[in-house]
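Structure data follow from entry_29.txt (compact mmCIF, C-alpha atoms and all ligand atoms):
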```txt
# COMPACT_ATOMS: atom_id res chain seq x y z
CA MET A 1 15.57 -9.64 -20.19
CA ASP A 2 19.09 -9.80 -18.77
CA GLN A 3 19.21 -11.76 -15.52
CA VAL A 4 21.16 -10.62 -12.44
CA SER A 5 21.96 -12.08 -9.03
CA LEU A 6 20.85 -10.01 -6.07
CA GLY A 7 24.05 -10.10 -4.03
CA SER A 8 24.40 -13.40 -2.21
CA THR A 9 20.67 -13.90 -1.63
CA GLY A 10 20.48 -16.65 -4.24
CA LEU A 11 17.73 -14.69 -6.01
CA THR A 12 18.13 -14.32 -9.76
CA VAL A 13 15.84 -11.69 -11.27
CA GLY A 14 15.43 -9.52 -14.35
CA ALA A 15 17.82 -6.56 -14.31
CA ALA A 16 14.89 -4.13 -14.67
CA GLY A 17 12.84 -4.09 -11.46
CA LEU A 18 9.44 -2.42 -11.35
CA GLY A 19 9.39 0.31 -8.70
CA CYS A 20 5.83 0.59 -7.42
CA GLY A 21 6.44 3.81 -5.49
CA GLY A 22 7.91 7.18 -6.49
CA ASN A 23 5.55 9.77 -7.90
CA SER A 24 3.83 7.37 -10.28
CA ARG A 25 2.98 4.53 -7.89
CA LEU A 26 2.01 2.40 -10.92
CA GLY A 27 -0.20 5.29 -12.09
CA ILE A 28 -2.22 5.41 -8.85
CA GLY A 29 -0.23 8.56 -8.06
CA TYR A 30 -2.06 10.35 -10.87
CA GLY A 31 -5.50 8.83 -10.62
CA LYS A 32 -5.35 5.34 -12.12
CA SER A 33 -7.30 2.57 -10.42
CA GLU A 34 -5.86 -0.38 -8.52
CA ASP A 35 -7.03 -2.69 -11.32
CA GLU A 36 -5.19 -0.57 -13.91
CA ALA A 37 -2.10 -0.67 -11.71
CA ALA A 38 -2.38 -4.47 -11.44
CA GLY A 39 -2.61 -4.56 -15.25
CA LEU A 40 0.67 -2.64 -15.46
CA VAL A 41 2.33 -5.17 -13.14
CA GLU A 42 1.10 -7.99 -15.38
CA ALA A 43 2.34 -6.16 -18.49
CA ALA A 44 5.75 -5.80 -16.84
CA PHE A 45 5.84 -9.50 -16.03
CA ASP A 46 4.90 -10.33 -19.63
CA GLN A 47 7.96 -8.32 -20.72
CA GLY A 48 10.33 -10.20 -18.43
CA VAL A 49 10.19 -8.21 -15.17
CA THR A 50 10.33 -10.56 -12.19
CA PHE A 51 11.34 -8.18 -9.36
CA PHE A 52 8.68 -5.88 -7.92
CA ASP A 53 9.43 -3.32 -5.21
CA THR A 54 6.52 -1.99 -3.21
CA ALA A 55 6.01 -0.68 0.34
CA ARG A 56 3.24 -0.27 2.91
CA VAL A 57 3.21 3.50 2.38
CA TYR A 58 2.98 3.36 -1.42
CA GLY A 59 -0.56 1.99 -1.46
CA THR A 60 0.41 -0.39 -4.26
CA GLU A 61 0.75 -3.67 -2.37
CA GLY A 62 -2.87 -4.47 -3.27
CA ALA A 63 -2.18 -4.04 -6.98
CA VAL A 64 0.92 -6.24 -6.81
CA GLY A 65 -1.06 -8.87 -4.87
CA THR A 66 -3.90 -8.82 -7.40
CA ALA A 67 -1.43 -9.24 -10.26
CA ALA A 68 0.29 -12.08 -8.40
CA GLN A 69 -2.98 -14.00 -8.34
CA SER A 70 -3.01 -14.00 -12.16
CA ILE A 71 0.72 -14.37 -12.71
CA GLY A 72 1.39 -16.97 -10.03
CA ARG A 73 3.02 -15.93 -6.74
CA ASP A 74 6.06 -18.19 -7.12
CA ARG A 75 6.96 -16.71 -10.52
CA MET A 76 7.52 -13.27 -8.96
CA VAL A 77 10.07 -11.90 -6.53
CA ILE A 78 8.17 -9.49 -4.30
CA ALA A 79 9.95 -6.94 -2.14
CA THR A 80 8.14 -4.73 0.31
CA LYS A 81 9.18 -2.35 3.06
CA GLY A 82 8.10 -1.13 6.47
CA MET A 83 8.75 2.18 8.20
CA ILE A 84 9.99 2.51 11.75
CA TYR A 85 9.06 6.17 12.11
CA TRP A 86 6.63 8.55 10.54
CA LYS A 87 7.12 12.31 10.60
CA GLU A 88 9.56 12.19 13.55
CA ALA A 89 7.35 9.86 15.64
CA ASP A 90 8.50 6.29 16.24
CA ILE A 91 6.36 3.43 15.00
CA ASP A 92 6.56 0.99 17.90
CA GLU A 93 7.22 -2.74 17.51
CA ALA A 94 3.56 -3.70 17.79
CA ALA A 95 2.49 -1.24 15.09
CA PHE A 96 5.42 -2.29 12.90
CA LEU A 97 4.36 -5.95 13.13
CA GLN A 98 0.75 -5.03 12.49
CA ASN A 99 1.88 -3.18 9.34
CA PHE A 100 3.78 -6.29 8.25
CA GLU A 101 0.61 -8.38 8.66
CA THR A 102 -1.27 -5.81 6.58
CA SER A 103 1.41 -5.99 3.89
CA LEU A 104 1.04 -9.78 3.66
CA ARG A 105 -2.73 -9.45 3.52
CA GLU A 106 -2.63 -6.78 0.80
CA LEU A 107 -0.08 -8.78 -1.18
CA LYS A 108 -2.32 -11.86 -0.79
CA THR A 109 0.64 -13.99 0.16
CA ASP A 110 2.12 -15.64 3.22
CA TYR A 111 5.73 -14.60 2.55
CA VAL A 112 7.78 -11.81 0.99
CA ASP A 113 11.02 -12.50 -0.81
CA LEU A 114 12.71 -9.35 0.51
CA PHE A 115 11.56 -7.17 3.38
CA SER A 116 13.44 -3.92 3.96
CA LEU A 117 13.36 -1.26 6.62
CA HIS A 118 12.21 1.79 4.70
CA GLY A 119 14.05 5.08 4.25
CA ILE A 120 16.22 4.83 7.37
CA ARG A 121 17.87 8.14 8.22
CA PRO A 122 21.29 8.04 9.92
CA ALA A 123 19.87 9.00 13.32
CA TYR A 124 17.51 5.99 13.24
CA TYR A 125 20.04 3.37 12.21
CA GLN A 126 20.90 2.15 15.72
CA ARG A 127 17.23 1.71 16.51
CA ALA A 128 16.70 -0.10 13.20
CA ARG A 129 19.44 -2.57 13.98
CA ASP A 130 18.79 -3.09 17.68
CA ILE A 131 14.99 -3.19 17.73
CA TYR A 132 13.57 -3.94 14.29
CA LEU A 133 16.22 -6.25 12.81
CA PRO A 134 15.55 -8.87 15.55
CA ILE A 135 11.84 -8.74 14.65
CA LEU A 136 12.69 -9.39 11.00
CA LEU A 137 15.05 -12.22 11.92
CA ARG A 138 12.22 -13.89 13.87
CA GLU A 139 9.91 -13.55 10.85
CA LYS A 140 12.64 -15.02 8.68
CA GLU A 141 12.84 -18.03 11.00
CA LYS A 142 9.11 -18.50 10.50
CA GLY A 143 9.55 -18.39 6.71
CA ARG A 144 7.44 -15.26 6.28
CA ILE A 145 10.47 -13.21 5.11
CA ARG A 146 13.06 -14.78 2.83
CA HIS A 147 15.67 -12.00 2.89
CA ILE A 148 16.23 -8.83 4.92
CA GLY A 149 17.22 -5.43 3.57
CA ILE A 150 17.47 -1.75 4.37
CA THR A 151 16.84 1.32 2.20
CA GLU A 152 18.28 4.79 2.56
CA SER A 153 16.48 8.10 2.48
CA GLY A 154 17.88 9.94 -0.54
CA PRO A 155 16.63 13.43 0.36
CA ALA A 156 17.52 13.18 4.08
CA ASP A 157 20.87 11.46 3.67
CA PRO A 158 22.62 12.77 0.55
CA GLY A 159 26.03 11.70 1.89
CA GLN A 160 24.81 8.10 2.28
CA GLU A 161 25.91 7.97 5.91
CA MET A 162 23.34 5.39 6.97
CA LEU A 163 24.49 2.85 4.40
CA SER A 164 28.14 3.55 5.20
CA THR A 165 27.40 2.57 8.82
CA ALA A 166 25.19 -0.40 7.90
CA LEU A 167 27.73 -1.83 5.47
CA ALA A 168 30.58 -1.44 7.95
CA GLU A 169 28.91 -3.92 10.34
CA ASP A 170 30.80 -7.15 11.01
CA ASP A 171 28.74 -10.04 9.64
CA CYS A 172 26.60 -7.49 7.80
CA PRO A 173 23.00 -8.50 8.60
CA TRP A 174 21.55 -6.73 5.56
CA GLU A 175 21.30 -8.99 2.53
CA ALA A 176 20.26 -6.19 0.16
CA VAL A 177 20.24 -2.40 0.18
CA MET A 178 18.45 0.24 -1.86
CA LEU A 179 20.35 3.38 -2.75
CA ALA A 180 20.13 6.52 -4.84
CA PHE A 181 22.39 6.62 -7.87
CA HIS A 182 22.18 8.54 -11.11
CA MET A 183 24.14 10.55 -13.66
CA LEU A 184 24.38 13.65 -11.43
CA ASN A 185 24.54 11.77 -8.12
CA GLN A 186 27.37 9.28 -8.32
CA GLY A 187 28.55 9.21 -4.70
CA ALA A 188 27.68 5.52 -4.25
CA ARG A 189 30.69 4.63 -6.40
CA GLN A 190 32.89 5.51 -3.42
CA LYS A 191 30.48 5.23 -0.50
CA VAL A 192 28.43 2.12 -1.19
CA PHE A 193 29.44 -0.16 -4.05
CA PRO A 194 32.93 -1.10 -2.81
CA LYS A 195 31.37 -2.49 0.39
CA THR A 196 28.37 -4.19 -1.24
CA ILE A 197 30.70 -5.91 -3.70
CA GLU A 198 33.12 -6.97 -0.95
CA LYS A 199 30.34 -8.32 1.30
CA GLY A 200 28.04 -9.79 -1.35
CA VAL A 201 25.18 -7.44 -0.44
CA GLY A 202 22.56 -7.03 -3.18
CA THR A 203 21.85 -3.56 -4.59
CA GLN A 204 18.67 -1.97 -5.89
CA LEU A 205 19.14 1.42 -7.55
CA MET A 206 16.51 4.12 -7.10
CA PHE A 207 16.19 7.77 -8.26
CA VAL A 208 17.81 6.76 -11.56
CA VAL A 209 15.44 9.08 -13.50
CA ARG A 210 13.01 10.51 -10.95
CA ASN A 211 12.07 14.11 -11.85
CA ILE A 212 15.41 15.51 -12.89
CA PHE A 213 15.55 13.46 -16.10
CA SER A 214 11.82 13.23 -16.80
CA GLN A 215 10.36 16.68 -16.10
CA PRO A 216 10.88 19.34 -18.78
CA ASN A 217 13.45 22.04 -17.86
CA LEU A 218 14.27 20.60 -14.44
CA LEU A 219 17.73 19.41 -15.49
CA ASP A 220 18.61 22.82 -16.99
CA GLU A 221 17.32 24.64 -13.89
CA THR A 222 19.22 22.31 -11.57
CA VAL A 223 22.46 22.64 -13.51
CA GLY A 224 21.96 26.44 -13.68
CA ALA A 225 21.63 26.57 -9.89
CA LEU A 226 24.70 24.36 -9.40
CA MET A 227 26.73 26.66 -11.66
CA HIS A 228 25.46 29.69 -9.79
CA GLU A 229 26.52 28.12 -6.47
CA GLY A 230 29.97 27.37 -7.88
CA ASN A 231 29.46 23.60 -7.87
CA LEU A 232 29.79 23.21 -11.64
CA ASP A 233 32.20 24.86 -14.03
CA PRO A 234 30.26 26.99 -16.58
CA ALA A 235 33.22 26.86 -18.96
CA ARG A 236 32.81 23.10 -19.36
CA ILE A 237 29.03 22.72 -19.50
CA ASP A 238 26.47 23.80 -22.06
CA ALA A 239 23.88 25.52 -19.85
CA LYS A 240 21.18 25.12 -22.51
CA ALA A 241 21.72 21.38 -22.95
CA PRO A 242 23.91 20.10 -20.09
CA LEU A 243 23.65 16.47 -21.22
CA GLY A 244 23.32 17.21 -24.93
CA PHE A 245 26.49 15.24 -25.63
CA LEU A 246 24.66 12.04 -24.66
CA LEU A 247 22.08 12.59 -27.37
CA ALA A 248 24.51 13.63 -30.11
CA ASP A 249 25.02 11.30 -33.06
CA GLY A 250 22.54 8.79 -31.67
CA HIS A 251 24.55 7.89 -28.57
CA ALA A 252 21.23 7.59 -26.73
CA ALA A 253 17.70 8.23 -27.97
CA SER A 254 16.55 10.11 -24.88
CA LEU A 255 17.74 11.29 -21.48
CA THR A 256 15.67 8.61 -19.74
CA GLU A 257 17.26 5.93 -21.89
CA ALA A 258 20.72 7.33 -21.12
CA ALA A 259 19.95 7.47 -17.39
CA TYR A 260 18.80 3.85 -17.16
CA ARG A 261 21.72 2.58 -19.26
CA TYR A 262 24.19 4.57 -17.20
CA ALA A 263 22.95 3.08 -13.92
CA ARG A 264 22.61 -0.45 -15.24
CA HIS A 265 26.25 -0.76 -16.23
CA GLU A 266 27.79 0.77 -13.10
CA PRO A 267 29.97 -1.88 -11.42
CA GLY A 268 28.10 -2.98 -8.30
CA ALA A 269 24.62 -2.32 -9.68
CA ASP A 270 22.31 -5.35 -9.46
CA ILE A 271 18.69 -4.30 -10.01
CA VAL A 272 17.79 -0.99 -11.65
CA LEU A 273 14.38 0.08 -10.38
CA PHE A 274 12.19 2.10 -12.69
CA GLY A 275 8.91 3.69 -11.69
CA THR A 276 6.07 4.32 -14.09
CA GLY A 277 2.33 4.24 -14.58
CA ASN A 278 2.62 4.47 -18.34
CA VAL A 279 2.66 1.38 -20.56
CA ALA A 280 4.75 3.06 -23.27
CA HIS A 281 7.35 4.12 -20.69
CA LEU A 282 7.32 0.59 -19.28
CA GLY A 283 8.42 -0.91 -22.60
CA ALA A 284 10.95 1.85 -23.32
CA ASN A 285 12.55 1.54 -19.87
CA ILE A 286 12.85 -2.25 -19.99
CA ALA A 287 14.46 -1.90 -23.42
CA ALA A 288 16.87 0.78 -22.14
CA ILE A 289 17.95 -1.28 -19.12
CA ASN A 290 18.76 -4.15 -21.47
CA MET A 291 20.84 -2.03 -23.87
CA PRO A 292 24.63 -1.97 -23.97
CA PRO A 293 26.52 0.65 -21.95
CA LEU A 294 26.71 4.25 -23.12
CA PRO A 295 29.87 4.97 -25.11
CA ALA A 296 32.91 4.88 -22.80
CA ASP A 297 33.80 8.53 -23.58
CA ASP A 298 30.35 9.65 -22.45
CA VAL A 299 30.61 7.69 -19.22
CA ALA A 300 34.05 9.19 -18.58
CA LEU A 301 32.74 12.70 -19.24
CA LEU A 302 29.80 12.19 -16.86
CA LYS A 303 32.29 11.19 -14.17
CA THR A 304 34.57 14.15 -14.87
CA LEU A 305 31.84 16.78 -15.01
CA PHE A 306 29.46 15.53 -12.30
CA GLY A 307 31.25 12.88 -10.23
CA HIS A 308 31.84 15.25 -7.30
CA LEU A 309 28.17 16.14 -6.79
CA SER A 310 25.95 14.61 -4.14
CA GLY A 311 22.35 15.12 -3.12
CA VAL A 312 21.27 16.32 -6.56
CA GLY A 313 17.84 15.30 -7.95
CA LEU A 314 16.76 13.47 -4.80
CA ASP A 315 13.31 14.87 -4.22
CA LEU A 316 10.61 13.45 -1.98
CA PRO A 317 7.56 11.97 -3.66
CA HIS A 318 4.58 14.32 -4.01
CA THR A 319 2.44 12.09 -1.81
CA TYR A 320 2.44 8.84 0.03
CA SER A 321 -0.80 6.95 -0.17
CA LYS A 322 -0.95 5.32 3.23
CA VAL A 323 0.16 6.62 6.57
CA PRO A 324 1.61 3.71 8.52
N1 LIG B 1 13.76 5.12 0.22
C1 LIG B 1 13.14 4.28 -0.58
O1 LIG B 1 12.93 3.15 -0.18
C2 LIG B 1 12.76 4.69 -1.98
C3 LIG B 1 12.81 6.04 -2.35
C4 LIG B 1 12.54 6.35 -3.68
C5 LIG B 1 12.22 5.35 -4.59
N2 LIG B 1 12.16 4.05 -4.20
C6 LIG B 1 11.83 2.95 -5.13
O2 LIG B 1 12.53 3.17 -6.34
C7 LIG B 1 11.60 3.14 -7.40
C8 LIG B 1 12.10 3.96 -8.56
O3 LIG B 1 12.16 5.35 -8.23
P1 LIG B 1 11.30 6.42 -8.99
O4 LIG B 1 9.86 6.09 -8.78
O5 LIG B 1 11.73 7.78 -8.67
O6 LIG B 1 11.54 6.00 -10.46
P2 LIG B 1 12.43 6.55 -11.62
O7 LIG B 1 12.42 5.42 -12.56
O8 LIG B 1 13.72 7.10 -11.15
O9 LIG B 1 11.58 7.80 -12.19
C9 LIG B 1 10.29 7.65 -12.54
C10 LIG B 1 9.68 8.99 -13.02
O10 LIG B 1 10.06 9.22 -14.34
C11 LIG B 1 8.93 9.10 -15.22
N3 LIG B 1 9.33 8.23 -16.32
C12 LIG B 1 9.65 6.92 -16.24
N4 LIG B 1 9.99 6.44 -17.44
C13 LIG B 1 9.89 7.47 -18.32
C14 LIG B 1 10.12 7.58 -19.71
N5 LIG B 1 10.52 6.54 -20.44
N6 LIG B 1 9.93 8.79 -20.29
C15 LIG B 1 9.54 9.85 -19.55
N7 LIG B 1 9.29 9.80 -18.23
C16 LIG B 1 9.48 8.61 -17.61
C17 LIG B 1 7.81 8.49 -14.41
O11 LIG B 1 6.55 8.99 -14.81
P3 LIG B 1 5.51 8.11 -15.70
O12 LIG B 1 4.61 7.44 -14.72
O13 LIG B 1 4.85 9.13 -16.52
O14 LIG B 1 6.32 7.13 -16.49
C18 LIG B 1 8.18 8.93 -12.99
O15 LIG B 1 7.70 10.23 -12.74
C19 LIG B 1 10.29 3.59 -6.78
O16 LIG B 1 9.17 3.24 -7.54
C20 LIG B 1 10.35 2.85 -5.47
O17 LIG B 1 9.98 1.51 -5.68
C21 LIG B 1 12.42 3.72 -2.89
```

What would the structure in this file look like if it were written as structure tokens?
Amino acid sequence: MDQVSLGSTGLTVGAAGLGCGGNSRLGIGYGKSEDEAAGLVEAAFDQGVTFFDTARVYGTEGAVGTAAQSIGRDRMVIATKGMIYWKEADIDEAAFLQNFETSLRELKTDYVDLFSLHGIRPAYYQRARDIYLPILLREKEKGRIRHIGITESGPADPGQEMLSTALAEDDCPWEAVMLAFHMLNQGARQKVFPKTIEKGVGTQLMFVVRNIFSQPNLLDETVGALMHEGNLDPARIDAKAPLGFLLADGHAASLTEAAYRYARHEPGADIVLFGTGNVAHLGANIAAINMPPLPADDVALLKTLFGHLSGVGLDLPHTYSKVP
């Protein structure tokens, strides 16, 4: 497994980070048990994964905690997240702290390596910084949080406004951010990476495959709609196989492989998160994230054809497990 530094946190982790949310939620999202999910975490660790991203709302902290008891807590880097609002209603400071205690209990640990404010929409940023950041700083003082981060809401913030504001802060308080980036959603190249690189802020990439590159026909339908709306040039794109050029002559073995390789080698990308509940996908994705870049001509074509798009393929998960 290739090793990467997470910004200036001092953490060095495997480049492929196991995302324990998304639609799969380690398989719990489609009926697997918590023990099976813990088994998947252990299988990931056995294949070199050391970074695990979970959250209170995913309902997978318990599985990560169970796996940590077998693996050894100090051999894993565990990241979790807490929400500050739920369906337009604020989660007050007391409830937020109570959720943090529950996270530690579920994870069966007394510290998390990275704690992030979860899915912060632009309108909530001020509140995140003024009210919840001080709470996290106090927990950091106590040693219960090692590093502090913030994650964007892909579907609610396609223009990445929240991160633009957060990264413009003097003495940026956020040590790591999580952002949406993929082959048809490349806006972070202008909006996020220049600042994270300049300020030494760690990056975790999400939505790299999601549904658009894993569900049959969704890519073709999405590209068809974008052409119809005038956002893509039909003269330049094969409507029946919009990314067929990536699979030609063995450039990549599959669209998921291409998607993970594309994200991994973007300048500014630290950890590529991948979400799965499937052991075969686990192995394939770790392999893909450790492969060399796609051919330079393919990368250039992806930029030319799709570099102007934003907000594509950023769908909400089908369900969250826990309501905070
Ligand atoms: N705002 C936030 O904080 C936020 C928002 C979104 C995501 N995230 C984090 O980012 C992580 C990654 O996002 P994501 O869950 O959307 O993951 P992803 O890696 O972009 O996509 C995963 C989806 O693709 C499928 N898949 C994975 N590998 C495959 C393969 N080799 N072949 C075919 N299908 C494959 C998975 O289903 P299978 O189970 O069948 O493999 C799953 O449905 C999440 O788990 C979560 O930790 C955070």

Do you have the atom CA of A:Asp238-atom CA of A:Tyr260 distance handy? 21.9 Å

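Restricting the calculation to all atoms listed in the file, the smallest distance between ligand LIG 1 (chain B) and any of A:Thr60, A:Thr109, A:Thr222, A:Gln69 is found for A:Thr60.
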
Non-local contacts of A:Lys195 (10 Å; all atoms listed in the file; under 6 positions in same chain excluded) as number ranges by chain: A: 163-164, 166-168, 188-189, 201, 268

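If you look at atom CA of A:Phe100 and atom CA of A:Lys81, they are 8.5 Å away from each other.
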
Please identify every polymer residue within 8 Å of ligand LIG 1 (chain B), using all atoms listed in the file, and present the set as a PyMOL selection string. chain A and resi 18-27+52-55+81+118-120+151-154+178-180+205-211+213-215+256-257+273-282+284-285+316-317

Restricting the calculation to all atoms listed in the file, which member of A:Gln3, A:Ser310, A:Ile91, A:Thr80 is positioned closest to A:Gly48? A:Gln3
